[in-house]
$ cat model01.cif   # mmCIF, C-alpha atoms
data_structure
loop_
_atom_site.label_atom_id
_atom_site.label_comp_id
_atom_site.auth_asym_id
_atom_site.auth_seq_id
_atom_site.Cartn_x
_atom_site.Cartn_y
_atom_site.Cartn_z
CA MET Y 1 52.49 63.48 -19.96
CA THR Y 2 53.59 60.24 -18.29
CA ALA Y 3 54.00 57.32 -20.70
CA LEU Y 4 51.58 54.43 -20.31
CA GLU Y 5 52.90 51.06 -19.18
CA TYR Y 6 51.16 47.72 -19.54
CA ARG Y 7 51.76 45.09 -16.90
CA THR Y 8 50.03 42.40 -14.88
CA ILE Y 9 47.76 43.74 -12.17
CA PRO Y 10 48.96 42.30 -8.85
CA GLU Y 11 46.45 40.56 -6.60
CA ALA Y 12 46.68 43.40 -4.10
CA GLN Y 13 45.27 45.81 -6.72
CA LEU Y 14 42.33 43.74 -7.97
CA GLU Y 15 39.91 45.78 -5.84
CA ARG Y 16 41.16 48.90 -7.62
CA ALA Y 17 40.57 47.14 -10.91
CA LEU Y 18 36.98 46.34 -9.96
CA ASP Y 19 36.38 49.95 -8.90
CA LEU Y 20 37.59 51.06 -12.33
CA HIS Y 21 35.34 48.54 -14.05
CA TYR Y 22 32.24 49.65 -12.14
CA LEU Y 23 33.07 53.29 -12.86
CA VAL Y 24 33.37 52.68 -16.60
CA PHE Y 25 30.14 50.68 -16.84
CA LEU Y 26 28.19 53.28 -14.88
CA GLY Y 27 27.38 50.93 -12.04
CA LYS Y 28 27.51 51.34 -8.33
CA ASN Y 29 29.96 49.21 -6.42
CA CYS Y 30 28.27 45.82 -6.41
CA GLU Y 31 26.84 44.10 -3.39
CA ASP Y 32 29.29 41.99 -1.45
CA ASP Y 33 28.36 38.62 -3.01
CA LEU Y 34 28.58 39.87 -6.60
CA ARG Y 35 31.78 41.79 -5.98
CA LYS Y 36 33.25 38.67 -4.38
CA LEU Y 37 32.29 36.69 -7.50
CA HIS Y 38 33.89 39.27 -9.82
CA ARG Y 39 37.02 39.26 -7.68
CA GLU Y 40 37.24 35.47 -7.91
CA ILE Y 41 36.81 35.57 -11.68
CA LEU Y 42 39.57 38.15 -12.04
CA GLU Y 43 41.86 35.97 -9.93
CA HIS Y 44 41.43 33.21 -12.52
CA CYS Y 45 42.26 35.55 -15.42
CA ASP Y 46 45.40 37.09 -16.85
CA ALA Y 47 44.68 40.68 -15.75
CA ILE Y 48 46.44 43.34 -17.83
CA GLY Y 49 46.58 46.85 -16.44
CA ALA Y 50 47.35 50.12 -18.19
CA TYR Y 51 49.26 52.34 -15.77
CA GLU Y 52 50.07 56.04 -15.90
CA GLY Y 53 52.70 56.14 -13.24
CA ASP Y 54 51.06 54.40 -10.30
CA GLU Y 55 47.51 55.14 -11.46
CA LEU Y 56 45.52 52.28 -12.98
CA VAL Y 57 43.71 53.74 -16.00
CA GLY Y 58 42.84 50.59 -17.98
CA LEU Y 59 41.90 46.96 -17.41
CA LEU Y 60 41.71 43.99 -19.75
CA ALA Y 61 41.37 40.44 -18.44
CA ALA Y 62 41.63 37.17 -20.35
CA HIS Y 63 40.28 33.77 -19.37
CA PRO Y 64 42.53 30.83 -20.37
CA LEU Y 65 39.81 29.04 -22.36
CA SER Y 66 39.69 25.90 -24.45
CA LEU Y 67 37.40 26.50 -27.44
CA SER Y 68 35.92 23.77 -29.59
CA VAL Y 69 36.87 24.10 -33.26
CA PRO Y 70 35.84 21.75 -36.08
CA GLY Y 71 37.31 18.36 -35.22
CA GLY Y 72 39.02 19.42 -31.98
CA GLU Y 73 39.75 22.35 -29.71
CA LEU Y 74 42.33 25.09 -29.31
CA PRO Y 75 43.57 27.39 -26.54
CA CYS Y 76 41.77 30.72 -26.63
CA ALA Y 77 42.07 33.98 -24.69
CA GLY Y 78 38.58 34.88 -23.49
CA VAL Y 79 38.64 38.67 -23.21
CA THR Y 80 36.53 40.27 -20.48
CA PHE Y 81 36.34 43.21 -17.99
CA VAL Y 82 37.61 45.62 -20.66
CA SER Y 83 37.61 49.07 -19.06
CA VAL Y 84 39.28 52.42 -19.80
CA ALA Y 85 39.03 55.30 -17.33
CA PRO Y 86 36.77 58.06 -18.69
CA THR Y 87 39.62 60.53 -18.15
CA HIS Y 88 41.86 58.54 -20.51
CA ARG Y 89 39.63 57.81 -23.49
CA ARG Y 90 41.04 58.28 -26.99
CA ARG Y 91 44.62 58.08 -25.78
CA GLY Y 92 45.43 54.62 -27.10
CA VAL Y 93 44.86 52.81 -23.80
CA LEU Y 94 42.71 50.03 -25.31
CA SER Y 95 45.03 49.66 -28.29
CA GLY Y 96 47.98 49.29 -25.96
CA MET Y 97 46.26 46.67 -23.81
CA ILE Y 98 45.24 44.64 -26.85
CA ALA Y 99 48.77 44.81 -28.27
CA GLU Y 100 49.99 43.47 -24.92
CA LEU Y 101 47.35 40.73 -25.12
CA TRP Y 102 48.64 39.65 -28.55
CA ARG Y 103 52.15 39.36 -27.12
CA ARG Y 104 50.87 37.21 -24.28
CA CYS Y 105 48.80 35.02 -26.61
CA ALA Y 106 51.92 34.32 -28.65
CA ALA Y 107 53.90 33.43 -25.52
CA ALA Y 108 51.12 31.18 -24.20
CA GLY Y 109 50.45 29.41 -27.49
CA GLN Y 110 46.91 30.75 -27.86
CA PRO Y 111 46.12 31.05 -31.58
CA LEU Y 112 42.62 32.43 -30.90
CA ALA Y 113 41.04 35.19 -28.83
CA ALA Y 114 37.34 35.75 -28.32
CA LEU Y 115 34.92 38.07 -26.58
CA TRP Y 116 31.33 39.21 -26.25
CA VAL Y 117 30.94 42.86 -27.17
CA SER Y 118 29.12 45.60 -25.31
CA GLU Y 119 29.56 48.02 -28.23
CA THR Y 120 29.79 46.42 -31.67
CA GLY Y 121 31.60 49.34 -33.28
CA ILE Y 122 34.77 48.95 -31.21
CA TYR Y 123 36.34 45.57 -31.79
CA GLY Y 124 36.29 45.15 -35.54
CA ARG Y 125 39.25 47.47 -35.85
CA PHE Y 126 41.23 45.06 -33.66
CA GLY Y 127 40.49 42.11 -35.97
CA PHE Y 128 37.53 40.59 -34.11
CA GLU Y 129 34.49 39.47 -36.07
CA PRO Y 130 31.32 37.54 -35.14
CA ALA Y 131 32.00 33.83 -35.68
CA THR Y 132 28.78 32.43 -34.23
CA ARG Y 133 25.23 33.72 -34.33
CA ALA Y 134 22.21 32.92 -32.20
CA TYR Y 135 18.45 33.24 -31.93
CA THR Y 136 16.21 34.25 -29.07
CA LEU Y 137 13.03 32.18 -29.10
CA LYS Y 138 9.67 32.92 -27.49
CA ILE Y 139 7.25 30.05 -26.99
CA ASP Y 140 3.58 30.39 -26.13
CA ALA Y 141 3.25 27.98 -23.19
CA ASP Y 142 -0.38 28.83 -22.45
CA ARG Y 143 -1.30 25.74 -24.48
CA PRO Y 144 0.42 22.38 -25.02
CA LEU Y 145 3.49 22.50 -27.25
CA GLU Y 146 2.60 20.97 -30.60
CA LEU Y 147 5.39 18.84 -32.04
CA ARG Y 148 5.82 16.84 -35.24
CA ILE Y 149 7.57 13.91 -33.55
CA GLU Y 150 6.95 11.90 -30.41
CA PRO Y 151 9.07 13.05 -27.47
CA ASP Y 152 11.35 10.59 -25.72
CA ASP Y 153 9.40 9.01 -22.86
CA ARG Y 154 12.28 8.29 -20.48
CA PRO Y 155 11.94 9.78 -16.97
CA LEU Y 156 12.80 13.36 -16.05
CA ARG Y 157 14.69 14.24 -12.90
CA LEU Y 158 15.28 17.54 -11.10
CA VAL Y 159 18.96 17.85 -10.14
CA PRO Y 160 20.26 20.23 -7.43
CA ALA Y 161 22.34 22.96 -9.05
CA GLU Y 162 25.37 22.14 -6.90
CA ASP Y 163 25.29 18.53 -8.17
CA ALA Y 164 24.57 19.39 -11.79
CA PRO Y 165 28.14 19.71 -13.16
CA ALA Y 166 28.97 16.13 -12.13
CA VAL Y 167 25.68 14.86 -13.59
CA ILE Y 168 25.42 16.77 -16.88
CA GLY Y 169 29.07 17.62 -17.58
CA SER Y 170 29.53 14.63 -19.89
CA ARG Y 171 26.47 15.59 -21.95
CA HIS Y 172 27.81 19.12 -22.38
CA ALA Y 173 31.21 17.72 -23.38
CA ALA Y 174 29.54 15.52 -26.01
CA ALA Y 175 27.71 18.57 -27.39
CA ARG Y 176 31.01 20.48 -27.59
CA ALA Y 177 32.48 17.71 -29.73
CA GLU Y 178 29.64 18.16 -32.23
CA ARG Y 179 29.69 21.97 -32.53
CA ALA Y 180 32.47 24.50 -32.85
CA GLY Y 181 32.50 27.62 -30.69
CA ARG Y 182 31.82 25.94 -27.35
CA VAL Y 183 33.79 26.73 -24.19
CA ALA Y 184 35.11 23.89 -22.01
CA ARG Y 185 33.51 24.05 -18.55
CA ASP Y 186 35.45 23.03 -15.45
CA ASP Y 187 33.95 23.16 -11.95
CA PHE Y 188 34.94 26.82 -11.58
CA TRP Y 189 33.23 27.75 -14.85
CA TRP Y 190 30.03 25.86 -14.05
CA ARG Y 191 29.80 27.57 -10.66
CA THR Y 192 30.68 31.12 -11.66
CA HIS Y 193 29.43 31.46 -15.24
CA VAL Y 194 26.69 28.89 -15.77
CA LEU Y 195 24.94 28.08 -12.50
CA PRO Y 196 25.48 30.85 -9.95
CA GLU Y 197 22.74 31.04 -7.33
CA ALA Y 198 21.59 34.51 -8.45
CA ASP Y 199 21.37 35.89 -11.97
CA GLU Y 200 23.75 38.83 -12.26
CA GLU Y 201 21.50 40.87 -14.55
CA ASP Y 202 18.06 40.21 -13.02
CA ASP Y 203 17.60 39.56 -9.31
CA ASP Y 204 13.90 38.80 -9.88
CA LEU Y 205 14.81 35.45 -11.44
CA SER Y 206 14.72 32.23 -9.47
CA PRO Y 207 17.79 30.17 -8.65
CA PRO Y 208 18.88 27.82 -11.45
CA ARG Y 209 16.74 24.76 -12.14
CA VAL Y 210 18.32 21.76 -13.88
CA VAL Y 211 16.27 18.86 -15.25
CA THR Y 212 17.75 15.76 -16.90
CA ILE Y 213 16.21 12.99 -18.97
CA GLY Y 214 17.35 9.39 -19.15
CA ASP Y 215 17.19 5.97 -17.57
CA THR Y 216 17.97 5.75 -13.86
CA GLY Y 217 21.66 5.16 -13.25
CA ALA Y 218 22.64 5.97 -16.84
CA GLU Y 219 24.33 9.04 -18.26
CA PRO Y 220 21.66 11.68 -19.01
CA ALA Y 221 20.44 11.72 -22.59
CA GLY Y 222 19.87 15.44 -22.25
CA TYR Y 223 19.27 18.31 -19.85
CA VAL Y 224 17.74 21.74 -19.62
CA PHE Y 225 18.82 24.61 -17.36
CA TYR Y 226 16.35 27.44 -16.74
CA ARG Y 227 15.21 30.09 -14.28
CA THR Y 228 11.65 31.24 -13.64
CA GLN Y 229 10.05 34.61 -13.02
CA THR Y 230 6.55 35.65 -11.97
CA ASP Y 231 4.61 38.84 -12.61
CA ASP Y 232 2.32 40.72 -10.22
CA GLU Y 233 -0.55 38.38 -11.09
CA GLY Y 234 1.43 35.26 -10.38
CA ARG Y 235 1.84 34.21 -14.01
CA GLY Y 236 5.27 33.00 -14.94
CA THR Y 237 7.99 32.97 -17.57
CA ALA Y 238 10.64 30.27 -17.85
CA HIS Y 239 13.98 31.51 -19.18
CA VAL Y 240 15.93 28.69 -20.83
CA TYR Y 241 19.70 29.18 -20.94
CA ASP Y 242 21.03 25.76 -21.83
CA LEU Y 243 19.39 22.72 -23.46
CA GLU Y 244 21.38 19.79 -24.81
CA ALA Y 245 20.04 16.52 -26.18
CA GLU Y 246 21.48 13.40 -27.77
CA SER Y 247 18.58 13.14 -30.24
CA PRO Y 248 15.64 15.17 -31.60
CA ALA Y 249 13.22 13.06 -29.52
CA VAL Y 250 15.13 13.94 -26.34
CA ALA Y 251 15.10 17.62 -27.29
CA ALA Y 252 11.36 17.39 -27.93
CA ALA Y 253 10.81 15.91 -24.44
CA LEU Y 254 12.79 18.69 -22.76
CA TRP Y 255 10.95 21.44 -24.66
CA ARG Y 256 7.64 19.75 -23.87
CA TYR Y 257 8.61 19.69 -20.19
CA VAL Y 258 9.66 23.32 -19.89
CA THR Y 259 6.53 24.54 -21.70
CA SER Y 260 4.26 22.52 -19.39
CA ILE Y 261 5.50 23.86 -16.04
CA ASP Y 262 2.54 24.97 -13.91
CA LEU Y 263 1.85 28.72 -13.94
CA VAL Y 264 4.29 29.29 -16.84
CA ASP Y 265 2.62 31.07 -19.77
CA THR Y 266 5.75 31.94 -21.74
CA VAL Y 267 9.11 30.34 -22.36
CA LYS Y 268 11.99 32.52 -23.53
CA ALA Y 269 15.14 30.83 -24.79
CA TRP Y 270 18.13 33.08 -25.31
CA GLY Y 271 21.15 32.15 -27.43
CA ARG Y 272 19.81 29.16 -29.34
CA PRO Y 273 21.70 27.95 -32.45
CA LEU Y 274 20.30 28.99 -35.83
CA ASP Y 275 19.78 25.32 -36.70
CA ASP Y 276 17.99 24.46 -33.45
CA PRO Y 277 15.83 21.35 -34.17
CA LEU Y 278 12.87 22.93 -32.36
CA LEU Y 279 12.34 25.24 -35.33
CA ARG Y 280 11.66 22.17 -37.49
CA LEU Y 281 9.95 20.06 -34.83
CA SER Y 282 7.33 22.67 -33.97
CA ALA Y 283 3.98 21.83 -35.55
CA ASP Y 284 2.76 25.41 -35.16
CA ARG Y 285 5.35 28.08 -35.89
CA ASP Y 286 2.99 30.72 -34.52
CA GLN Y 287 3.64 29.08 -31.15
CA VAL Y 288 7.45 29.22 -31.50
CA ALA Y 289 8.66 32.64 -32.61
CA VAL Y 290 12.15 33.90 -33.37
CA THR Y 291 12.26 37.29 -31.69
CA GLN Y 292 15.92 38.14 -32.24
CA GLU Y 293 18.98 37.10 -34.21
CA PHE Y 294 22.29 38.44 -32.94
CA PRO Y 295 26.05 37.98 -33.35
CA ALA Y 296 27.27 35.94 -30.40
CA LEU Y 297 30.97 35.08 -30.02
CA TRP Y 298 33.42 37.49 -31.66
CA LEU Y 299 36.61 35.72 -32.70
CA ARG Y 300 40.13 36.92 -33.43
CA VAL Y 301 42.69 34.74 -35.19
CA VAL Y 302 45.97 35.60 -33.46
CA ASP Y 303 48.13 32.97 -35.19
CA VAL Y 304 46.88 32.19 -38.71
CA ALA Y 305 48.98 29.10 -39.39
CA ALA Y 306 48.30 27.48 -36.01
CA ALA Y 307 44.57 28.15 -36.29
CA LEU Y 308 44.29 26.74 -39.81
CA GLU Y 309 46.26 23.63 -38.88
CA GLY Y 310 44.38 23.21 -35.60
CA ARG Y 311 40.98 22.39 -37.08
CA VAL Y 312 39.66 19.57 -39.26
CA TRP Y 313 38.43 20.40 -42.76
CA SER Y 314 35.52 18.60 -44.39
CA ALA Y 315 36.85 18.44 -47.96
CA PRO Y 316 40.22 18.43 -49.74
CA VAL Y 317 41.83 21.82 -50.29
CA ASP Y 318 44.91 23.04 -52.14
CA LEU Y 319 45.14 26.80 -52.58
CA VAL Y 320 47.09 29.92 -51.70
CA LEU Y 321 45.37 32.20 -49.21
CA GLU Y 322 46.54 35.78 -48.74
CA VAL Y 323 45.69 37.30 -45.36
CA THR Y 324 45.91 40.98 -44.48
CA ASP Y 325 46.34 41.92 -40.81
CA ALA Y 326 47.39 45.37 -39.61
CA GLY Y 327 46.99 44.46 -35.94
CA VAL Y 328 49.35 41.46 -35.91
CA PRO Y 329 51.71 42.14 -38.84
CA ALA Y 330 53.36 38.72 -38.47
CA ASN Y 331 50.10 37.18 -39.71
CA ALA Y 332 50.07 39.12 -42.97
CA GLY Y 333 51.17 37.27 -46.08
CA ARG Y 334 50.43 34.30 -48.30
CA TYR Y 335 49.83 30.78 -47.05
CA ARG Y 336 49.62 27.59 -49.05
CA LEU Y 337 47.03 25.19 -47.65
CA VAL Y 338 47.46 21.57 -48.69
CA SER Y 339 45.20 18.96 -47.12
CA ALA Y 340 45.69 15.31 -46.32
CA PRO Y 341 43.04 12.80 -45.13
CA ASP Y 342 42.66 12.53 -41.36
CA GLY Y 343 39.94 10.15 -40.16
CA ASP Y 344 36.61 11.35 -41.50
CA GLY Y 345 38.04 14.73 -42.47
CA HIS Y 346 41.19 16.44 -43.65
CA ARG Y 347 44.06 18.29 -41.99
CA VAL Y 348 45.94 21.03 -43.77
CA ARG Y 349 49.63 21.69 -43.78
CA VAL Y 350 50.24 25.44 -43.90
CA THR Y 351 53.41 26.95 -45.31
CA ARG Y 352 54.42 30.49 -46.25
CA THR Y 353 54.73 31.04 -49.96
CA GLY Y 354 55.52 33.67 -52.54
CA ASP Y 355 53.14 32.12 -55.09
CA ALA Y 356 50.25 34.12 -56.46
CA ALA Y 357 47.18 34.14 -54.22
CA ASP Y 358 43.99 32.30 -55.17
CA LEU Y 359 41.96 34.22 -52.59
CA THR Y 360 42.63 37.34 -50.50
CA LEU Y 361 40.79 38.25 -47.32
CA GLY Y 362 41.33 40.21 -44.14
CA ILE Y 363 41.85 38.81 -40.67
CA ARG Y 364 38.26 39.70 -39.72
CA GLU Y 365 36.87 37.77 -42.65
CA LEU Y 366 39.06 34.79 -41.79
CA ALA Y 367 37.52 34.80 -38.30
CA ALA Y 368 33.99 35.04 -39.70
CA GLY Y 369 34.33 31.73 -41.52
CA TYR Y 370 36.86 29.92 -39.37
CA LEU Y 371 34.34 27.98 -37.25
CA GLY Y 372 32.10 27.26 -40.23
CA ASP Y 373 29.57 30.10 -40.06
CA ILE Y 374 30.00 32.54 -42.96
CA GLY Y 375 31.08 31.07 -46.32
CA ALA Y 376 33.91 32.49 -48.43
CA THR Y 377 31.61 32.86 -51.45
CA GLU Y 378 29.42 35.27 -49.50
CA LEU Y 379 32.46 37.27 -48.46
CA VAL Y 380 33.49 37.56 -52.11
CA ARG Y 381 29.97 38.42 -53.19
CA VAL Y 382 29.71 41.37 -50.79
CA GLY Y 383 33.21 42.63 -51.57
CA LEU Y 384 34.95 41.63 -48.33
CA ALA Y 385 37.25 39.11 -50.03
CA ALA Y 386 38.83 38.97 -53.49
CA GLU Y 387 38.86 35.81 -55.59
CA HIS Y 388 41.80 35.66 -58.00
CA THR Y 389 41.30 32.09 -59.18
CA PRO Y 390 37.76 31.11 -60.20
CA GLY Y 391 36.33 28.57 -57.79
CA ALA Y 392 38.81 29.29 -54.96
CA ALA Y 393 36.15 30.71 -52.65
CA ALA Y 394 33.82 27.76 -53.25
CA LEU Y 395 36.70 25.36 -52.59
CA LEU Y 396 37.56 27.00 -49.27
CA GLU Y 397 33.91 27.20 -48.28
CA SER Y 398 33.34 23.52 -48.99
CA ALA Y 399 36.37 22.58 -46.94
CA ALA Y 400 35.36 24.80 -44.00
CA ARG Y 401 31.74 23.61 -43.87
CA THR Y 402 30.57 21.80 -40.73
CA ALA Y 403 27.62 19.47 -40.20
CA LEU Y 404 26.20 21.73 -37.49
CA LEU Y 405 26.50 25.49 -37.32
CA PRO Y 406 28.91 26.84 -34.71
CA HIS Y 407 27.20 27.95 -31.54
CA THR Y 408 28.19 29.77 -28.35
CA SER Y 409 26.01 30.41 -25.30
CA ASP Y 410 28.67 30.90 -22.58
CA GLU Y 411 28.97 34.63 -21.97
CA PHE Y 412 32.08 35.99 -20.28
#
$ encode --input "model01.cif" --output "structure tokens"
Amino acid sequence: MTALEYRTIPEAQLERALDLHYLVFLGKNCEDDLRKLHREILEHCDAIGAYEGDELVGLLAAHPLSLSVPGGELPCAGVTFVSVAPTHRRRGVLSGMIAELWRRCAAAGQPLAALWVSETGIYGRFGFEPATRAYTLKIDADRPLELRIEPDDRPLRLVPAEDAPAVIGSRHAAARAERAGRVARDDFWWRTHVLPEADEEDDDLSPPRVVTIGDTGAEPAGYVFYRTQTDDEGRGTAHVYDLEAESPAVAAALWRYVTSIDLVDTVKAWGRPLDDPLLRLSADRDQVAVTQEFPALWLRVVDVAAALEGRVWSAPVDLVLEVTDAGVPANAGRYRLVSAPDGDGHRVRVTRTGDAADLTLGIRELAAGYLGDIGATELVRVGLAAEHTPGAAALLESAARTALLPHTSDEF
């Protein structure tokens, strides 16, 4: 049996890589436009190939992302296109590609990796864990949306999709600064991942529609991005993918707009944060229903010390944290976290120590709470972390808490 080798896929073999990906995901070779888009995305990634001799039997690509974390942002490997040839399953191909990814993350200074999963049972064993969660909302738009506050009355404007990044990019950047888990969007990302002309998963959807709100000539106070779809009787559904607002009144105006579009009976909003203001602003919760809650971004802490020092903490902390990590053994061990004031928050200095641990948790559990989603006390309560010093979990949870829940809607 020829030994597997892991190396960068050269540009000349990217078509082979796409053929492998379509084979694994049971799809036909995509139409020219979609295949061209996938090729362009791969060209912007670090594409790792698993080779048996000259045969490509595995693919793992990583976007060079910048991910918002509490109080800042950090480099992050955005894992995508993960594919193993059906003839080479259960032979360690995926494990080998991920081990190669960890080596590259260390070389590139990426303390985090993240992905969206197609099968939830696979990636936990590699140290990934959901770090953000989201709702899918369904709104009855057959009647006016009842709200508990008055919507902002500034004018609305329809913006061509090709112009949208320049118009709404600053509003998205402001939203990223307020919530952890958000991906930075450059022109390439807006065009390929947010506002492509056709929806990759449903060709019955309209092109993207972008509407802003705000005074003429001023930066938009908010925006909504959606696509529409009609049934055989001509009745429509608006699918909301992105809605950002500088205030609850602005959010109320955008929701009022999208639920009042002619011929639209239903609004479906995928990937909304669990603390979306609409859930409080709605005067009739029978009109706004949560139809799904799901784990969104799965996070992996690749460099524990760099990740802990790279975010802002909301309260003082001084404790010894023991981390277990079979996938990246260099992470395993005890870390003393000592905070110092930094603006409105605190930064921690992280040092290795031989002192007794106050709290022990695995690398998956560290990821679950890193952005501010799952608290350490819950992890202790369900047996996924061990508290050795009374109050240590509550101390870490208080320090990790964020004003807004982390949220991710950019799939990759």
$ resolve_selection --input "model01.cif" --expression "the PyMOL selection byres ((chain Y and resi 405) around 7)" --output "short mmCIF file (atom, residue, chain, number, x, y, z; two decimals) with C-alpha atoms, in the coordinates of the input"
data_model
loop_
_atom_site.label_atom_id
_atom_site.label_comp_id
_atom_site.auth_asym_id
_atom_site.auth_seq_id
_atom_site.Cartn_x
_atom_site.Cartn_y
_atom_site.Cartn_z
CA ARG Y 179 29.69 21.97 -32.53
CA ASP Y 275 19.78 25.32 -36.70
CA GLY Y 372 32.10 27.26 -40.23
CA ASP Y 373 29.57 30.10 -40.06
CA THR Y 402 30.57 21.80 -40.73
CA ALA Y 403 27.62 19.47 -40.20
CA LEU Y 404 26.20 21.73 -37.49
CA PRO Y 406 28.91 26.84 -34.71
CA HIS Y 407 27.20 27.95 -31.54
#
$ atom_distance --input "model01.cif" --atom1 "CA of Asp32 (chain Y)" --atom2 "CA of Ile9 (chain Y)"
21.4 Å
$ residues_near_point --input "model01.cif" --point "(40.6, 57.3, -22.8)" --cutoff "12 Å" --atoms "only C-alpha atoms" --output "list in words"
Leu4, Val24, Ala50, Glu52, Val57, Gly58, Leu59, Ser83, Val84, Ala85, Pro86, Thr87, His88, Arg89, Arg90, Arg91, Gly92, Val93, Leu94, Ser95 and Gly96 of chain Y
$ write_last_selection --input "model01.cif" --atoms "C-alpha atoms" --output "PDB file, keeping the file's coordinate frame"
ATOM      1  CA  LEU Y   4      51.580  54.430 -20.310  1.00  0.00           C
ATOM      2  CA  VAL Y  24      33.370  52.680 -16.600  1.00  0.00           C
ATOM      3  CA  ALA Y  50      47.350  50.120 -18.190  1.00  0.00           C
ATOM      4  CA  GLU Y  52      50.070  56.040 -15.900  1.00  0.00           C
ATOM      5  CA  VAL Y  57      43.710  53.740 -16.000  1.00  0.00           C
ATOM      6  CA  GLY Y  58      42.840  50.590 -17.980  1.00  0.00           C
ATOM      7  CA  LEU Y  59      41.900  46.960 -17.410  1.00  0.00           C
ATOM      8  CA  SER Y  83      37.610  49.070 -19.060  1.00  0.00           C
ATOM      9  CA  VAL Y  84      39.280  52.420 -19.800  1.00  0.00           C
ATOM     10  CA  ALA Y  85      39.030  55.300 -17.330  1.00  0.00           C
ATOM     11  CA  PRO Y  86      36.770  58.060 -18.690  1.00  0.00           C
ATOM     12  CA  THR Y  87      39.620  60.530 -18.150  1.00  0.00           C
ATOM     13  CA  HIS Y  88      41.860  58.540 -20.510  1.00  0.00           C
ATOM     14  CA  ARG Y  89      39.630  57.810 -23.490  1.00  0.00           C
ATOM     15  CA  ARG Y  90      41.040  58.280 -26.990  1.00  0.00           C
ATOM     16  CA  ARG Y  91      44.620  58.080 -25.780  1.00  0.00           C
ATOM     17  CA  GLY Y  92      45.430  54.620 -27.100  1.00  0.00           C
ATOM     18  CA  VAL Y  93      44.860  52.810 -23.800  1.00  0.00           C
ATOM     19  CA  LEU Y  94      42.710  50.030 -25.310  1.00  0.00           C
ATOM     20  CA  SER Y  95      45.030  49.660 -28.290  1.00  0.00           C
ATOM     21  CA  GLY Y  96      47.980  49.290 -25.960  1.00  0.00           C
TER      22      GLY Y  96
END
$ residues_around --input "model01.cif" --residues "Pro160 (chain Y)" --least-positions-apart "2" --cutoff "8 Å" --atoms "only C-alpha atoms" --output "JSON, numbers by chain"
{"Y": [158, 162, 163, 164, 209, 210]}
$ atom_distance --input "model01.cif" --atom1 "CA of Arg157 (chain Y)" --atom2 "CA of Leu195 (chain Y)"
17.2 Å
$ residues_around --input "model01.cif" --residues "Met97 (chain Y)" --least-positions-apart "6" --cutoff "7 Å" --atoms "only C-alpha atoms" --output "MDAnalysis selection string"
chainID Y and resid 6 48 50 60
$ residues_around --input "model01.cif" --residues "Val267 (chain Y)" --least-positions-apart "2" --cutoff "10 Å" --atoms "all atoms listed in the file" --output "MDAnalysis selection string"
chainID Y and resid 137:142 226 228 236:240 255 258:261 264:265 269:270 288
$ write_last_selection --input "model01.cif" --atoms "C-alpha atoms" --output "PDB file, in the frame of the given file"
ATOM      1  CA  LEU Y 137      13.030  32.180 -29.100  1.00  0.00           C
ATOM      2  CA  LYS Y 138       9.670  32.920 -27.490  1.00  0.00           C
ATOM      3  CA  ILE Y 139       7.250  30.050 -26.990  1.00  0.00           C
ATOM      4  CA  ASP Y 140       3.580  30.390 -26.130  1.00  0.00           C
ATOM      5  CA  ALA Y 141       3.250  27.980 -23.190  1.00  0.00           C
ATOM      6  CA  ASP Y 142      -0.380  28.830 -22.450  1.00  0.00           C
ATOM      7  CA  TYR Y 226      16.350  27.440 -16.740  1.00  0.00           C
ATOM      8  CA  THR Y 228      11.650  31.240 -13.640  1.00  0.00           C
ATOM      9  CA  GLY Y 236       5.270  33.000 -14.940  1.00  0.00           C
ATOM     10  CA  THR Y 237       7.990  32.970 -17.570  1.00  0.00           C
ATOM     11  CA  ALA Y 238      10.640  30.270 -17.850  1.00  0.00           C
ATOM     12  CA  HIS Y 239      13.980  31.510 -19.180  1.00  0.00           C
ATOM     13  CA  VAL Y 240      15.930  28.690 -20.830  1.00  0.00           C
ATOM     14  CA  TRP Y 255      10.950  21.440 -24.660  1.00  0.00           C
ATOM     15  CA  VAL Y 258       9.660  23.320 -19.890  1.00  0.00           C
ATOM     16  CA  THR Y 259       6.530  24.540 -21.700  1.00  0.00           C
ATOM     17  CA  SER Y 260       4.260  22.520 -19.390  1.00  0.00           C
ATOM     18  CA  ILE Y 261       5.500  23.860 -16.040  1.00  0.00           C
ATOM     19  CA  VAL Y 264       4.290  29.290 -16.840  1.00  0.00           C
ATOM     20  CA  ASP Y 265       2.620  31.070 -19.770  1.00  0.00           C
ATOM     21  CA  ALA Y 269      15.140  30.830 -24.790  1.00  0.00           C
ATOM     22  CA  TRP Y 270      18.130  33.080 -25.310  1.00  0.00           C
ATOM     23  CA  VAL Y 288       7.450  29.220 -31.500  1.00  0.00           C
TER      24      VAL Y 288
END
$ residues_around --input "model01.cif" --residues "region 357-363 of chain Y" --least-positions-apart "3" --cutoff "8 Å" --atoms "all atoms listed in the file" --output "list in words"
Gly127, Arg300, Val301, Leu319, Val320, Leu321, Glu322, Val323, Thr324, Asp325, Arg334, Leu366, Ala367, Leu384, Ala385, Ala386, Glu387, His388, Thr389, Ala392 and Ala393 of chain Y
$ closest_residue --input "model01.cif" --among "Y:Ser339, Y:Arg143, Y:Pro196, Y:Gly369" --to "Thr266 (chain Y)" --atoms "only C-alpha atoms"
Y:Arg143
$ closest_residue --input "model01.cif" --among "Y:Ala177, Y:Leu42, Y:Leu20, Y:Leu254" --to "Leu156 (chain Y)" --atoms "only C-alpha atoms"
Y:Leu254
$ resolve_selection --input "model01.cif" --expression "the PyMOL selection byres ((chain Y and resi 198) around 12)" --output "number ranges by chain"
Y: 33-34, 37, 161, 191-197, 199-209, 227-228
$ residues_around --input "model01.cif" --residues "region 278-282 of chain Y" --least-positions-apart "6" --cutoff "8 Å" --atoms "only C-alpha atoms" --output "list in words"
Leu145, Glu146, Leu147, Arg148, Ile149, Ala251, Ala252 and Val288 of chain Y
